[in-house]
>>> print(open('target_9.txt').read())   # compact mmCIF, C-alpha atoms
# COMPACT_ATOMS: atom_id res chain seq x y z
CA MET A 1 33.19 155.88 74.01
CA THR A 2 32.95 153.70 77.12
CA VAL A 3 29.41 152.90 78.27
CA PRO A 4 29.24 152.81 82.12
CA GLY A 5 27.98 149.57 83.68
CA SER A 6 28.04 147.68 80.39
CA LEU A 7 29.89 144.54 79.27
CA SER A 8 31.57 143.94 75.93
CA VAL A 9 32.40 140.31 75.10
CA VAL A 10 35.42 139.61 72.89
CA ILE A 11 35.72 136.21 71.15
CA PRO A 12 38.81 135.36 69.06
CA THR A 13 38.03 133.00 66.18
CA LEU A 14 39.70 130.99 63.45
CA ASN A 15 37.34 128.62 61.59
CA GLU A 16 34.80 128.40 64.40
CA ALA A 17 31.56 128.36 62.39
CA SER A 18 30.51 125.10 64.05
CA THR A 19 31.16 126.17 67.66
CA LEU A 20 30.49 129.89 67.72
CA PRO A 21 26.65 129.77 67.49
CA ASN A 22 26.44 127.83 70.76
CA LEU A 23 28.38 130.46 72.72
CA LEU A 24 26.51 133.33 71.09
CA ASP A 25 23.25 131.68 72.11
CA ASP A 26 24.51 131.32 75.69
CA LEU A 27 25.37 135.03 75.77
CA SER A 28 22.02 136.17 74.38
CA GLY A 29 20.34 136.02 77.79
CA LEU A 30 22.87 138.09 79.72
CA SER A 31 21.47 141.40 80.89
CA SER A 32 24.87 143.06 81.21
CA VAL A 33 26.05 142.42 77.63
CA ASP A 34 25.74 145.40 75.33
CA ARG A 35 28.06 144.24 72.56
CA ILE A 36 29.66 141.03 71.30
CA ILE A 37 32.81 141.35 69.22
CA VAL A 38 34.15 138.46 67.15
CA SER A 39 37.82 139.09 66.38
CA ASP A 40 38.54 136.82 63.43
CA GLY A 41 41.96 135.71 62.27
CA GLY A 42 41.13 134.81 58.67
CA SER A 43 38.47 132.09 58.80
CA SER A 44 37.51 130.30 55.59
CA ASP A 45 34.49 128.38 56.91
CA GLY A 46 31.85 131.11 57.19
CA THR A 47 32.65 132.11 60.78
CA ARG A 48 32.30 135.82 60.04
CA ASP A 49 28.93 135.31 58.32
CA VAL A 50 27.69 133.27 61.29
CA ALA A 51 28.80 135.99 63.70
CA ARG A 52 27.09 138.76 61.74
CA ARG A 53 23.84 136.78 61.42
CA CYS A 54 23.83 136.43 65.20
CA GLY A 55 24.24 140.18 65.68
CA ALA A 56 27.93 140.27 66.62
CA THR A 57 30.38 142.93 65.51
CA VAL A 58 33.18 141.39 63.41
CA VAL A 59 36.77 142.59 63.44
CA SER A 60 39.17 140.93 60.98
CA GLY A 61 42.95 140.73 61.06
CA PRO A 62 45.87 138.33 60.87
CA PRO A 63 45.74 135.16 63.01
CA GLY A 64 47.29 135.17 66.48
CA ARG A 65 45.22 135.02 69.64
CA GLY A 66 47.06 137.82 71.45
CA ALA A 67 46.68 140.20 68.51
CA GLN A 68 43.05 139.19 67.98
CA LEU A 69 42.17 139.79 71.63
CA ARG A 70 43.82 143.20 71.52
CA ALA A 71 41.96 144.12 68.33
CA GLY A 72 38.65 143.06 69.84
CA ALA A 73 39.28 145.07 73.00
CA GLU A 74 40.09 148.16 70.95
CA THR A 75 36.64 147.92 69.36
CA ALA A 76 34.81 147.32 72.66
CA SER A 77 32.77 150.10 74.25
CA GLY A 78 31.79 148.55 77.58
CA SER A 79 33.18 149.56 80.95
CA TRP A 80 33.77 145.82 81.50
CA LEU A 81 35.39 143.38 79.11
CA ALA A 82 34.88 139.60 78.96
CA PHE A 83 37.24 137.47 76.87
CA LEU A 84 35.90 134.01 75.98
CA HIS A 85 37.06 131.26 73.63
CA ALA A 86 34.65 130.28 70.87
CA ASP A 87 34.42 126.64 72.00
CA THR A 88 33.33 127.63 75.51
CA ARG A 89 29.81 127.00 76.79
CA LEU A 90 28.34 129.33 79.38
CA GLY A 91 25.60 127.60 81.38
CA PRO A 92 22.91 129.44 83.42
CA GLU A 93 24.98 129.33 86.62
CA ALA A 94 28.03 130.84 84.90
CA ALA A 95 25.91 133.43 83.10
CA HIS A 96 24.33 134.51 86.39
CA ALA A 97 27.75 134.72 88.06
CA LEU A 98 29.02 136.90 85.21
CA ASP A 99 26.09 139.31 85.43
CA ARG A 100 26.44 139.53 89.21
CA PHE A 101 30.20 140.19 89.02
CA VAL A 102 29.72 143.08 86.59
CA GLU A 103 27.07 144.57 88.92
CA THR A 104 29.07 144.30 92.16
CA ALA A 105 32.82 144.20 91.40
CA GLY A 106 35.22 147.05 91.96
CA PRO A 107 37.30 148.49 89.10
CA ALA A 108 40.45 146.76 90.38
CA ASP A 109 38.81 143.30 90.38
CA PHE A 110 39.24 140.77 87.61
CA ALA A 111 37.70 137.31 87.42
CA HIS A 112 37.55 133.97 85.66
CA PHE A 113 35.37 130.86 85.84
CA ARG A 114 36.08 127.37 87.06
CA LEU A 115 36.99 124.89 84.33
CA ARG A 116 35.28 121.74 83.13
CA PHE A 117 35.82 119.80 79.91
CA ASP A 118 33.07 118.45 77.69
CA ARG A 119 34.32 114.90 78.24
CA ARG A 120 34.23 113.19 81.64
CA SER A 121 36.95 110.55 81.27
CA THR A 122 39.69 110.08 83.84
CA GLY A 123 42.27 111.93 81.75
CA TYR A 124 40.19 115.09 81.59
CA ARG A 125 39.35 114.96 85.28
CA LEU A 126 43.05 114.77 86.08
CA ILE A 127 43.64 117.88 83.98
CA GLU A 128 40.82 119.69 85.79
CA PHE A 129 42.30 118.67 89.14
CA GLY A 130 45.75 119.83 88.07
CA GLN A 131 44.35 123.16 86.92
CA ARG A 132 42.60 123.77 90.24
CA ALA A 133 45.92 123.13 91.98
CA ARG A 134 47.69 125.51 89.58
CA GLU A 135 45.16 128.23 90.35
CA ARG A 136 45.51 127.87 94.12
CA LEU A 137 49.31 127.64 94.14
CA PHE A 138 50.27 130.05 91.38
CA GLY A 139 47.15 132.08 90.55
CA MET A 140 47.28 130.97 86.90
CA PRO A 141 43.97 130.24 85.13
CA TYR A 142 43.79 128.90 81.58
CA GLY A 143 42.54 131.16 78.80
CA ASP A 144 39.73 128.59 78.38
CA GLN A 145 38.35 129.77 81.74
CA GLY A 146 37.53 133.22 80.42
CA LEU A 147 38.65 136.57 81.75
CA ILE A 148 36.47 139.44 82.96
CA VAL A 149 38.16 142.75 83.68
CA SER A 150 37.22 146.41 83.90
CA ARG A 151 38.22 148.59 80.98
CA ARG A 152 40.07 150.80 83.45
CA LEU A 153 42.25 147.98 84.79
CA TYR A 154 42.75 146.46 81.34
CA ASP A 155 44.05 149.75 79.96
CA GLN A 156 46.17 150.33 83.06
CA VAL A 157 48.16 147.12 82.51
CA GLY A 158 48.46 147.54 78.75
CA GLY A 159 46.05 144.76 77.80
CA PHE A 160 47.02 141.43 76.30
CA PRO A 161 50.62 141.14 75.18
CA ASN A 162 50.92 140.77 71.43
CA TRP A 163 52.40 137.27 71.69
CA PRO A 164 51.59 134.20 69.55
CA ILE A 165 51.36 132.07 72.71
CA MET A 166 51.15 132.52 76.50
CA GLU A 167 49.09 135.67 76.04
CA ASP A 168 46.71 134.47 78.78
CA VAL A 169 49.56 133.94 81.25
CA GLY A 170 51.04 137.31 80.33
CA VAL A 171 47.87 139.31 80.90
CA VAL A 172 47.07 137.57 84.21
CA ASP A 173 50.61 138.32 85.41
CA ARG A 174 50.05 141.99 84.59
CA LEU A 175 46.60 142.10 86.19
CA SER A 176 47.76 140.36 89.36
CA ARG A 177 50.29 143.12 90.01
CA HIS A 178 47.56 145.78 90.02
CA GLY A 179 44.27 144.07 90.78
CA ARG A 180 42.48 141.35 92.75
CA ARG A 181 41.74 137.96 91.14
CA ILE A 182 38.32 136.43 91.84
CA VAL A 183 37.12 132.92 90.94
CA LEU A 184 33.46 133.14 89.95
CA ASP A 185 30.81 130.79 91.32
CA GLY A 186 30.23 129.28 87.93
CA THR A 187 31.77 126.67 85.66
CA VAL A 188 32.36 127.04 81.95
CA VAL A 189 32.47 123.93 79.79
CA THR A 190 35.25 123.97 77.22
CA SER A 191 36.00 121.62 74.35
CA GLY A 192 38.67 119.00 74.85
CA ARG A 193 39.28 118.76 71.08
CA ARG A 194 42.95 119.71 71.32
CA TYR A 195 43.52 117.13 74.06
CA ARG A 196 41.58 114.49 72.14
CA ARG A 197 43.94 114.76 69.18
CA GLU A 198 47.12 114.45 71.22
CA GLY A 199 45.79 112.45 74.14
CA PRO A 200 44.91 114.22 77.41
CA VAL A 201 48.02 113.24 79.35
CA ARG A 202 50.43 114.02 76.52
CA ALA A 203 48.82 117.40 75.83
CA TRP A 204 48.81 118.30 79.52
CA LEU A 205 52.50 117.42 79.87
CA ARG A 206 53.29 119.52 76.80
CA ASN A 207 51.46 122.49 78.31
CA ILE A 208 53.33 122.13 81.60
CA THR A 209 56.65 121.94 79.74
CA LEU A 210 55.87 125.11 77.81
CA ILE A 211 54.78 127.02 80.92
CA VAL A 212 57.92 126.01 82.78
CA ALA A 213 60.04 127.07 79.81
CA PHE A 214 58.21 130.40 79.69
CA ARG A 215 58.74 130.97 83.42
CA LEU A 216 62.44 130.26 82.94
CA GLY A 217 62.65 133.02 80.37
CA ALA A 218 61.90 131.38 77.02
CA ASP A 219 60.64 133.77 74.34
CA PRO A 220 56.95 133.26 73.39
CA GLU A 221 57.86 133.53 69.70
CA ALA A 222 60.26 130.59 70.08
CA LEU A 223 57.74 128.58 72.10
CA ALA A 224 55.12 129.11 69.40
CA THR A 225 57.08 126.85 67.08
CA ARG A 226 56.21 123.99 69.47
CA TYR A 227 52.55 124.86 69.91
CA ARG A 228 50.01 126.31 67.48
CA PRO A 229 46.81 127.82 68.86
CA GLU A 230 43.96 126.20 67.01
CA GLY A 231 40.44 126.34 65.84
CA PRO A 232 38.42 123.21 65.27
CA GLY A 233 40.41 120.69 63.31
CA ARG A 234 43.72 122.52 63.49
CA ALA A 235 46.75 120.36 64.32
CA THR A 236 48.97 121.38 67.24
CA ASP A 237 51.93 119.04 66.93
CA ALA A 238 54.22 118.25 64.02
CA GLU A 239 53.81 114.53 64.63
CA THR A 240 50.04 114.73 64.17
CA ARG A 241 49.77 117.19 61.29
CA HIS A 242 47.68 114.88 59.16
CA THR A 243 44.29 115.92 57.82
CA VAL A 244 41.30 113.82 56.76
CA VAL A 245 38.94 115.64 54.40
CA LEU A 246 35.40 114.38 54.05
CA PHE A 247 33.25 115.61 51.17
CA ALA A 248 29.62 115.98 52.23
CA LYS A 249 26.46 117.39 50.72
CA VAL A 250 23.62 118.89 52.71
CA PRO A 251 21.35 115.86 53.31
CA VAL A 252 18.25 117.15 51.51
CA PRO A 253 15.90 114.71 49.72
CA GLY A 254 16.39 114.93 45.97
CA ARG A 255 19.95 116.24 46.23
CA VAL A 256 21.76 113.19 47.62
CA LYS A 257 21.85 109.53 46.56
CA THR A 258 19.57 110.06 43.58
CA ARG A 259 20.38 106.63 42.08
CA LEU A 260 19.53 104.97 45.38
CA ALA A 261 16.37 107.08 45.59
CA ALA A 262 15.15 105.47 42.36
CA ASP A 263 14.88 102.19 44.29
CA LEU A 264 14.01 103.36 47.81
CA GLY A 265 12.47 106.79 47.44
CA MET A 266 14.07 110.14 48.24
CA GLU A 267 13.34 110.18 51.97
CA ARG A 268 14.70 106.68 52.61
CA ALA A 269 17.78 107.29 50.45
CA THR A 270 18.48 110.52 52.33
CA SER A 271 18.05 108.74 55.66
CA ILE A 272 20.66 106.14 54.63
CA TYR A 273 23.01 108.90 53.49
CA ARG A 274 22.66 110.65 56.84
CA GLU A 275 23.36 107.44 58.75
CA LEU A 276 26.42 106.64 56.63
CA GLY A 277 27.78 110.13 57.21
CA ARG A 278 27.32 109.96 60.96
CA ARG A 279 28.99 106.56 61.14
CA THR A 280 31.92 107.74 59.05
CA VAL A 281 32.58 110.87 61.10
CA ASP A 282 32.11 108.99 64.39
CA ALA A 283 34.69 106.43 63.25
CA LEU A 284 37.27 109.07 62.27
CA ARG A 285 36.79 112.01 64.61
CA SER A 286 39.08 110.70 67.39
CA GLY A 287 42.03 109.60 65.26
CA PRO A 288 45.48 111.25 65.39
CA TRP A 289 44.61 113.69 62.61
CA VAL A 290 42.55 116.75 61.90
CA THR A 291 39.06 115.94 60.57
CA THR A 292 37.66 118.54 58.18
CA VAL A 293 34.31 118.32 56.39
CA HIS A 294 34.08 120.20 53.08
CA VAL A 295 30.43 121.07 52.47
CA ALA A 296 28.36 121.57 49.33
CA PRO A 297 26.72 123.97 48.79
CA PRO A 298 29.37 126.15 50.46
CA ASP A 299 27.10 128.79 52.03
CA ALA A 300 26.90 129.43 55.78
CA ASP A 301 23.39 127.96 56.15
CA SER A 302 24.49 124.69 54.52
CA ILE A 303 27.55 124.51 56.77
CA ALA A 304 25.31 125.04 59.79
CA ASP A 305 22.97 122.25 58.63
CA VAL A 306 25.85 119.81 58.13
CA THR A 307 27.31 120.80 61.51
CA ALA A 308 24.01 119.92 63.17
CA TRP A 309 24.13 116.57 61.37
CA LEU A 310 27.76 115.56 61.95
CA GLY A 311 28.72 117.35 65.17
CA THR A 312 30.64 120.38 66.38
CA ASP A 313 34.05 118.89 67.18
CA VAL A 314 35.33 118.73 63.60
CA GLN A 315 36.16 121.59 61.25
CA TYR A 316 33.93 122.71 58.39
CA ARG A 317 34.68 124.50 55.14
CA GLY A 318 32.72 125.21 52.00
CA GLN A 319 33.67 123.31 48.84
CA THR A 320 35.06 125.39 46.00
CA PRO A 321 33.17 125.56 42.68
CA GLY A 322 33.95 123.16 39.86
CA ASP A 323 33.72 119.47 39.05
CA LEU A 324 34.72 116.81 41.57
CA GLY A 325 38.35 116.87 40.49
CA GLU A 326 38.62 120.64 40.82
CA ARG A 327 37.02 120.51 44.25
CA MET A 328 39.28 117.72 45.50
CA ARG A 329 42.39 119.41 44.15
CA ALA A 330 41.43 122.70 45.82
CA ALA A 331 40.66 120.96 49.13
CA ILE A 332 44.00 119.14 49.17
CA ASP A 333 45.89 122.27 48.21
CA ASP A 334 44.15 124.25 50.95
CA GLU A 335 44.68 121.67 53.68
CA LEU A 336 48.34 121.08 52.79
CA ARG A 337 49.06 124.66 53.86
CA GLY A 338 48.81 123.44 57.44
CA ALA A 339 49.31 119.69 57.17
CA THR A 340 52.04 117.32 56.07
CA ALA A 341 49.67 114.76 54.53
CA VAL A 342 46.01 114.83 53.44
CA CYS A 343 43.53 112.05 52.67
CA VAL A 344 40.16 112.75 51.03
CA VAL A 345 37.26 110.35 51.63
CA GLY A 346 33.53 110.32 51.06
CA THR A 347 30.76 109.98 53.61
CA ASP A 348 29.13 106.97 51.96
CA ILE A 349 31.64 104.13 52.52
CA PRO A 350 30.30 101.40 54.83
CA GLY A 351 32.96 100.10 57.18
CA LEU A 352 35.43 102.93 56.66
CA ASP A 353 37.23 103.19 59.98
CA GLU A 354 40.22 104.58 61.80
CA SER A 355 42.44 101.65 60.86
CA THR A 356 41.91 102.39 57.16
CA LEU A 357 43.14 105.95 57.58
CA ARG A 358 46.07 104.84 59.68
CA GLN A 359 47.11 102.51 56.86
CA ALA A 360 46.73 105.35 54.37
CA PHE A 361 48.91 107.79 56.31
CA ASP A 362 51.47 105.06 56.99
CA ALA A 363 51.63 104.39 53.24
CA LEU A 364 52.34 108.06 52.57
CA GLU A 365 55.57 107.74 54.54
CA THR A 366 57.01 105.76 51.61
CA HIS A 367 54.74 106.57 48.63
CA ASP A 368 53.72 109.72 46.77
CA VAL A 369 50.05 108.78 46.59
CA VAL A 370 47.70 106.37 48.34
CA ILE A 371 44.42 105.22 46.76
CA GLY A 372 41.53 103.19 48.10
CA PRO A 373 39.91 101.51 45.06
CA ALA A 374 36.12 101.34 44.89
CA THR A 375 34.39 98.33 43.39
CA ASP A 376 32.59 100.50 40.81
CA GLY A 377 35.82 101.58 39.10
CA GLY A 378 36.39 104.77 41.11
CA TYR A 379 38.08 105.28 44.44
CA TYR A 380 36.84 105.95 47.96
CA LEU A 381 40.08 107.49 49.26
CA ILE A 382 42.98 109.41 47.81
CA GLY A 383 45.87 110.84 49.79
CA MET A 384 49.11 112.69 49.13
CA THR A 385 51.76 114.89 50.71
CA ARG A 386 51.78 117.48 47.93
CA THR A 387 49.15 118.53 45.42
CA ARG A 388 49.17 116.47 42.20
CA PRO A 389 46.98 118.37 39.68
CA GLU A 390 47.58 115.78 36.97
CA LEU A 391 45.53 113.25 38.94
CA PHE A 392 42.41 115.43 38.86
CA ASP A 393 42.37 117.33 35.58
CA GLY A 394 40.22 115.94 32.76
CA ILE A 395 39.06 112.78 34.57
CA PRO A 396 35.57 111.57 33.55
CA TRP A 397 34.09 111.48 37.05
CA SER A 398 31.28 109.08 37.97
CA THR A 399 32.43 106.53 35.40
CA ALA A 400 34.12 103.15 35.68
CA ARG A 401 37.33 104.62 34.19
CA VAL A 402 38.22 106.90 37.11
CA LEU A 403 40.59 104.55 38.94
CA ASP A 404 42.38 103.25 35.84
CA LEU A 405 42.93 106.73 34.40
CA THR A 406 44.16 108.05 37.76
CA LEU A 407 46.67 105.20 38.04
CA GLU A 408 47.80 105.80 34.45
CA ARG A 409 48.34 109.49 35.19
CA ALA A 410 50.32 108.63 38.32
CA GLU A 411 52.53 106.20 36.42
CA ALA A 412 53.16 108.71 33.66
CA ALA A 413 54.19 111.29 36.26
CA GLY A 414 56.57 108.83 37.92
CA LEU A 415 54.60 108.74 41.16
CA SER A 416 54.67 105.78 43.51
CA VAL A 417 51.17 104.64 44.48
CA ALA A 418 50.06 102.52 47.45
CA ARG A 419 46.71 100.74 47.10
CA LEU A 420 44.40 99.97 50.00
CA GLU A 421 41.80 97.22 50.23
CA PRO A 422 38.92 97.74 47.76
CA ARG A 423 35.62 98.89 49.25
CA THR A 424 32.11 99.55 48.01
CA ASP A 425 30.58 103.01 48.13
CA VAL A 426 26.81 103.21 48.30
CA ASP A 427 25.22 104.30 45.03
CA THR A 428 22.51 101.71 44.38
CA LEU A 429 20.32 99.36 46.40
CA ASP A 430 22.77 96.48 45.87
CA ASP A 431 25.49 98.51 47.61
CA VAL A 432 23.57 99.04 50.86
CA PRO A 433 24.56 96.66 53.70
CA PRO A 434 21.51 94.66 54.91
CA ALA A 435 21.94 95.95 58.46
CA LEU A 436 21.61 99.52 57.20
CA LEU A 437 18.40 98.69 55.35
CA GLU A 438 16.97 97.27 58.54
CA ALA A 439 18.01 100.22 60.72
>>> encode(input="target_9.txt", output="structure tokens")
Amino acid sequence: MTVPGSLSVVIPTLNEASTLPNLLDDLSGLSSVDRIIVSDGGSSDGTRDVARRCGATVVSGPPGRGAQLRAGAETASGSWLAFLHADTRLGPEAAHALDRFVETAGPADFAHFRLRFDRRSTGYRLIEFGQRARERLFGMPYGDQGLIVSRRLYDQVGGFPNWPIMEDVGVVDRLSRHGRRIVLDGTVVTSGRRYRREGPVRAWLRNITLIVAFRLGADPEALATRYRPEGPGRATDAETRHTVVLFAKVPVPGRVKTRLAADLGMERATSIYRELGRRTVDALRSGPWVTTVHVAPPDADSIADVTAWLGTDVQYRGQTPGDLGERMRAAIDDELRGATAVCVVGTDIPGLDESTLRQAFDALETHDVVIGPATDGGYYLIGMTRTRPELFDGIPWSTARVLDLTLERAEAAGLSVARLEPRTDVDTLDDVPPALLEA
């Protein structure tokens, strides 16, 4: 039943546990909102749990933004509908503009916000400028700019087309034939994560190429093979479908770096662990790959804690149960469903940087496996293009035999192995760089 004068917000999600809480918090102060619907496409990172804890209604179905938006709208009860992406931030000005629009607009009006990215470099400003020109000349907003429409007008035009791509262009085309488009006096801030992975200019040119192809009659299903809508950490281009997996524990004293804590105390050891983790993610987050943090314990609260520690512009998943080998094997198997190569690293390797991962992925062009040896007899990195269970089963983890046994297993299986420069992971006081002790 439609509730007169009310607003239902629909948010499509796919692995958005790290970004969704911010938007839900922004929406909590809106007087017009009576219901928030998270339409999830199969998240594995606790997104649905996060949504429910925040009071949202969750609808689950197969991935595909057009289908997810339609499913969310079918569940909505408001006389007005707002469609927002999960990585959007709605500041006070935009929130006020949204409330005012719902109070004053006519049933044939539909609206969107102005666009701003969360990064202020020249590349992003050029995209913003280009989008403003596109709006003025062709009346075409991005889906990132949100869409607010009356239930009456939405139903009249048949809602979002059930397309895997260009669903935002399709629905605006339909609305423009029957309604009046309004640009709200408010700016939403959207994540530039997709552009960061491809480079702003390259991603913008790709978008323009796809829109032109669509306008010339290309089928959205065919175009979808060249562009994959994404959640955090989801690759959009075949050339960049590499994934870096970081294994991280919730940084709680007594649970991390226990050998180091014997020398420095639990609080100091935890502080060093936190600093190493931040440095590692900062060094890797902008590379030409997807960065995914696999968290232990795997519950939603732990994922939220690690997100607050390491940032919202990477993807988070819970680690599967089992020993280290079982968890690494499961992570690689999971990530290879959407990537062509995966490297697993820890969060406690001083000096691990983007160049190291570039070398690793380059090595996987000609080798089955790449390994970064650790000075304690283990390894700090392992990468492959297909899951190799024999490298993880029955290994005595946390011993000096890990590397040698892994190499023996690889040789027995006839796998070619590339070795990177040895590095030290931080387990004891002797492993900690002096500069980190002084920080």
>>> residues_around(input="target_9.txt", residues="range 142-156 of chain A", least_positions_apart="4", cutoff="8 Å", atoms="only C-alpha atoms", output="number ranges by chain")
A: 78-85, 88, 107-115, 131, 168-169, 175, 178-179, 188, 190
>>> residues_around(input="target_9.txt", residues="Gly170 in chain A", least_positions_apart="2", cutoff="10 Å", atoms="all atoms listed in the file", output="ChimeraX atom specification")
/A:66,140,159-163,165-168,172-175,214,220
>>> atom_distance(input="target_9.txt", atom1="CA of Ser18 in chain A", atom2="CA of Val314 in chain A")
8.0 Å
>>> atom_distance(input="target_9.txt", atom1="CA of Val102 in chain A", atom2="CA of Thr75 in chain A")
19.2 Å
>>> closest_atom_pairs(input="target_9.txt", of="range 347-366 of chain A", to="range 370-388 of chain A", cutoff="8 Å", atoms="only C-alpha atoms", output="Markdown table")
| residue | atom | partner | partner_atom | distance |
| --- | --- | --- | --- | --- |
| A:Ile349 | CA | A:Tyr380 | CA | 7.2 |
| A:Ala360 | CA | A:Val370 | CA | 6.2 |
| A:Phe361 | CA | A:Gly383 | CA | 7.8 |
| A:Ala363 | CA | A:Val370 | CA | 6.6 |
| A:Leu364 | CA | A:Val370 | CA | 6.5 |
>>> closest_residue(input="target_9.txt", among="A:Ser355, A:Gly325, A:Arg241, A:Ala331", to="Ala283 in chain A", atoms="only C-alpha atoms")
A:Ser355
>>> atom_distance(input="target_9.txt", atom1="CA of Gly287 in chain A", atom2="CA of Cys343 in chain A")
12.9 Å
>>> decode(input="target_9.txt", residues="range 290-313 of chain A", atoms="C-alpha atoms", output="PDB file, in the first residue's frame")
ATOM      1  CA  VAL A 290      41.154  -5.036  -6.794  1.00  0.00           C
ATOM      2  CA  THR A 291      42.154  -4.850  -3.118  1.00  0.00           C
ATOM      3  CA  THR A 292      40.159  -7.159  -0.840  1.00  0.00           C
ATOM      4  CA  VAL A 293      40.696  -7.580   2.901  1.00  0.00           C
ATOM      5  CA  HIS A 294      39.659 -10.958   4.343  1.00  0.00           C
ATOM      6  CA  VAL A 295      38.852 -10.454   8.022  1.00  0.00           C
ATOM      7  CA  ALA A 296      39.055 -12.722  11.065  1.00  0.00           C
ATOM      8  CA  PRO A 297      36.802 -13.212  12.923  1.00  0.00           C
ATOM      9  CA  PRO A 298      34.369 -13.115   9.985  1.00  0.00           C
ATOM     10  CA  ASP A 299      31.357 -11.527  11.723  1.00  0.00           C
ATOM     11  CA  ALA A 300      29.834  -8.205  10.666  1.00  0.00           C
ATOM     12  CA  ASP A 301      31.070  -6.310  13.755  1.00  0.00           C
ATOM     13  CA  SER A 302      34.665  -7.403  13.102  1.00  0.00           C
ATOM     14  CA  ILE A 303      34.400  -6.370   9.449  1.00  0.00           C
ATOM     15  CA  ALA A 304      33.084  -2.971  10.555  1.00  0.00           C
ATOM     16  CA  ASP A 305      36.007  -2.567  12.995  1.00  0.00           C
ATOM     17  CA  VAL A 306      38.581  -3.438  10.324  1.00  0.00           C
ATOM     18  CA  THR A 307      36.856  -1.101   7.857  1.00  0.00           C
ATOM     19  CA  ALA A 308      37.207   1.747  10.339  1.00  0.00           C
ATOM     20  CA  TRP A 309      40.899   0.858  10.661  1.00  0.00           C
ATOM     21  CA  LEU A 310      41.849   0.375   7.006  1.00  0.00           C
ATOM     22  CA  GLY A 311      39.373   2.550   5.099  1.00  0.00           C
ATOM     23  CA  THR A 312      36.196   2.283   3.050  1.00  0.00           C
ATOM     24  CA  ASP A 313      37.557   2.186  -0.499  1.00  0.00           C
TER      25      ASP A 313
END
